[in-house]
>>> print(open('my_file05.txt').read())   # compact mmCIF, C-alpha atoms
# COMPACT_ATOMS: atom_id res chain seq x y z
CA MET A 243 53.79 70.03 -8.19
CA ALA A 244 51.84 69.18 -11.32
CA ARG A 245 52.71 71.14 -14.44
CA ILE A 246 49.53 72.34 -16.20
CA VAL A 247 49.32 74.19 -19.51
CA PHE A 248 46.25 76.01 -20.85
CA ILE A 249 45.83 76.68 -24.57
CA GLY A 250 43.14 79.13 -25.60
CA SER A 251 41.98 82.71 -26.01
CA GLU A 252 43.60 85.67 -24.29
CA ALA A 253 40.56 86.35 -22.10
CA THR A 254 40.33 82.80 -20.77
CA ALA A 255 44.10 82.52 -20.47
CA ALA A 256 44.11 85.56 -18.17
CA GLY A 257 42.00 83.70 -15.61
CA PHE A 258 44.15 80.60 -15.74
CA ARG A 259 47.29 82.76 -15.49
CA LEU A 260 45.93 84.25 -12.25
CA ALA A 261 45.61 80.71 -10.92
CA GLY A 262 49.29 80.03 -11.67
CA VAL A 263 48.77 77.94 -14.81
CA ASP A 264 51.20 78.24 -17.73
CA THR A 265 49.16 79.67 -20.62
CA ARG A 266 49.52 79.72 -24.39
CA VAL A 267 47.31 82.08 -26.38
CA ALA A 268 46.16 80.41 -29.57
CA THR A 269 43.70 80.79 -32.41
CA THR A 270 41.97 78.06 -34.39
CA GLY A 271 44.75 78.36 -36.98
CA ASP A 272 47.59 77.47 -34.64
CA ALA A 273 45.78 75.34 -32.05
CA ALA A 274 47.17 72.07 -33.42
CA LEU A 275 50.74 73.39 -33.32
CA GLN A 276 50.33 74.66 -29.75
CA LEU A 277 48.84 71.31 -28.69
CA ARG A 278 51.75 69.39 -30.25
CA ARG A 279 54.27 71.62 -28.47
CA ALA A 280 52.52 71.27 -25.10
CA ARG A 281 52.36 67.48 -25.46
CA ALA A 282 56.07 67.31 -26.32
CA GLU A 283 57.01 69.15 -23.11
CA PRO A 284 57.09 67.53 -19.64
CA ASN A 285 53.53 68.54 -18.72
CA ASP A 286 51.13 66.58 -16.54
CA CYS A 287 47.94 68.11 -17.93
CA VAL A 288 47.00 70.16 -20.98
CA LEU A 289 43.79 72.19 -20.93
CA LEU A 290 42.48 73.00 -24.42
CA GLU A 291 39.74 75.58 -24.91
CA GLY A 292 36.79 73.92 -26.64
CA THR A 293 36.39 76.74 -29.14
CA LEU A 294 39.70 75.68 -30.71
CA LEU A 295 38.72 72.07 -31.47
CA ASP A 296 38.02 72.85 -35.14
CA GLY A 297 41.71 73.73 -35.54
CA VAL A 298 42.94 70.31 -34.42
CA PRO A 299 42.67 67.35 -36.81
CA THR A 300 40.30 64.69 -35.48
CA ALA A 301 42.90 61.89 -35.44
CA GLU A 302 45.37 64.09 -33.56
CA LEU A 303 42.72 65.12 -31.04
CA GLN A 304 41.67 61.52 -30.43
CA SER A 305 45.28 60.46 -29.97
CA ALA A 306 45.84 63.26 -27.45
CA LEU A 307 42.67 62.41 -25.54
CA LEU A 308 43.61 58.73 -25.29
CA ALA A 309 47.26 59.29 -24.36
CA ASP A 310 48.39 58.44 -20.84
CA SER A 311 50.48 61.55 -20.46
CA PRO A 312 49.92 64.40 -20.55
CA ALA A 313 46.22 64.24 -19.77
CA LEU A 314 44.18 66.39 -22.15
CA LEU A 315 41.02 68.10 -20.96
CA VAL A 316 38.71 70.20 -23.12
CA VAL A 317 37.39 73.20 -21.19
CA PRO A 318 34.92 75.97 -22.10
CA ASP A 319 36.07 79.52 -22.64
CA VAL A 320 35.40 82.37 -20.23
CA MET A 321 31.90 82.82 -21.76
CA GLY A 322 31.04 79.12 -21.45
CA ARG A 323 31.36 78.41 -25.18
CA GLY A 324 33.01 75.24 -26.37
CA ALA A 325 32.00 73.09 -23.40
CA PRO A 326 32.18 69.39 -24.23
CA PRO A 327 28.80 67.67 -24.41
CA ALA A 328 27.50 65.96 -21.30
CA LEU A 329 28.25 62.37 -22.23
CA ALA A 330 25.83 60.82 -19.73
CA HIS A 331 23.01 62.99 -21.08
CA GLU A 332 23.86 62.06 -24.67
CA VAL A 333 23.76 58.33 -23.80
CA ARG A 334 20.39 58.72 -22.06
CA LEU A 335 19.04 60.54 -25.11
CA ALA A 336 20.26 57.77 -27.41
CA LEU A 337 18.63 55.15 -25.20
CA GLY A 338 15.37 57.07 -25.05
CA ILE A 339 15.54 57.46 -21.26
CA GLU A 340 15.61 61.28 -21.45
CA THR A 341 14.13 63.73 -23.88
>>> encode(input="my_file05.txt", output="structure tokens")
Amino acid sequence: MARIVFIGSEATAAGFRLAGVDTRVATTGDAALQLRRARAEPNDCVLLEGTLLDGVPTAELQSALLADSPALLVVPDVMGRGAPPALAHEVRLALGIET
């Protein structure tokens, strides 16, 4: 069975906890530390709430996103905040295909 860890707010963590996911409640101030700890453990996937991205240094975030294991996914919070941008839409905007 895959080992999944969620890092985020208490409200969003409650939903993931109900689904059987290991959760870590974090704030922007300790998000980087929680991410480092989760990556050091034998996890298959780490889910990071998008509202905490400001608390993780850019180089560290990029390294975590590009790493083979554990996979890092940025997810929105329970209110839908912090969702990653739709990459396909952003490319189409840049190319002038969409407005």
>>> closest_atom_pairs(input="my_file05.txt", of="stretch 267-313 of chain A", to="stretch 318-340 of chain A", cutoff="12 Å", atoms="all atoms listed in the file", output="JSON lines")
{"residue": "A:Leu289", "atom": "CA", "partner": "A:Pro318", "partner_atom": "CA", "distance": 9.7}
{"residue": "A:Leu290", "atom": "CA", "partner": "A:Pro318", "partner_atom": "CA", "distance": 8.4}
{"residue": "A:Glu291", "atom": "CA", "partner": "A:Pro318", "partner_atom": "CA", "distance": 5.6}
{"residue": "A:Gly292", "atom": "CA", "partner": "A:Gly324", "partner_atom": "CA", "distance": 4.0}
{"residue": "A:Thr293", "atom": "CA", "partner": "A:Gly324", "partner_atom": "CA", "distance": 4.6}
{"residue": "A:Leu294", "atom": "CA", "partner": "A:Gly324", "partner_atom": "CA", "distance": 8.0}
{"residue": "A:Leu295", "atom": "CA", "partner": "A:Gly324", "partner_atom": "CA", "distance": 8.3}
{"residue": "A:Asp296", "atom": "CA", "partner": "A:Gly324", "partner_atom": "CA", "distance": 10.4}
>>> atom_distance(input="my_file05.txt", atom1="atom CA of A:Gly257", atom2="atom CA of A:Ala306")
23.9 Å
>>> closest_residue(input="my_file05.txt", among="A:Val316, A:Ala301, A:Ala261, A:Ile249", to="A:Gln276", atoms="only C-alpha atoms")
A:Ile249
>>> residues_near_point(input="my_file05.txt", point="(48.6, 75.5, -18.9)", cutoff="9 Å", atoms="only C-alpha atoms", output="ChimeraX atom specification")
/A:245-249,255,258-259,262-266,280,285,287-290
>>> atom_distance(input="my_file05.txt", atom1="atom CA of A:Val298", atom2="atom CA of A:Val317")
14.6 Å
>>> closest_residue(input="my_file05.txt", among="A:Thr300, A:Ser305, A:Thr269, A:Ser311", to="A:Glu283", atoms="all atoms listed in the file")
A:Ser311
>>> atom_distance(input="my_file05.txt", atom1="atom CA of A:Gly271", atom2="atom CA of A:Asp310")
25.9 Å
>>> closest_residue(input="my_file05.txt", among="A:Ala244, A:Ala256, A:Gln304, A:Gly297", to="A:Ala273", atoms="all atoms listed in the file")
A:Gly297
>>> closest_residue(input="my_file05.txt", among="A:Leu308, A:Leu260, A:Ala268, A:Ala313", to="A:Pro284", atoms="only C-alpha atoms")
A:Ala313
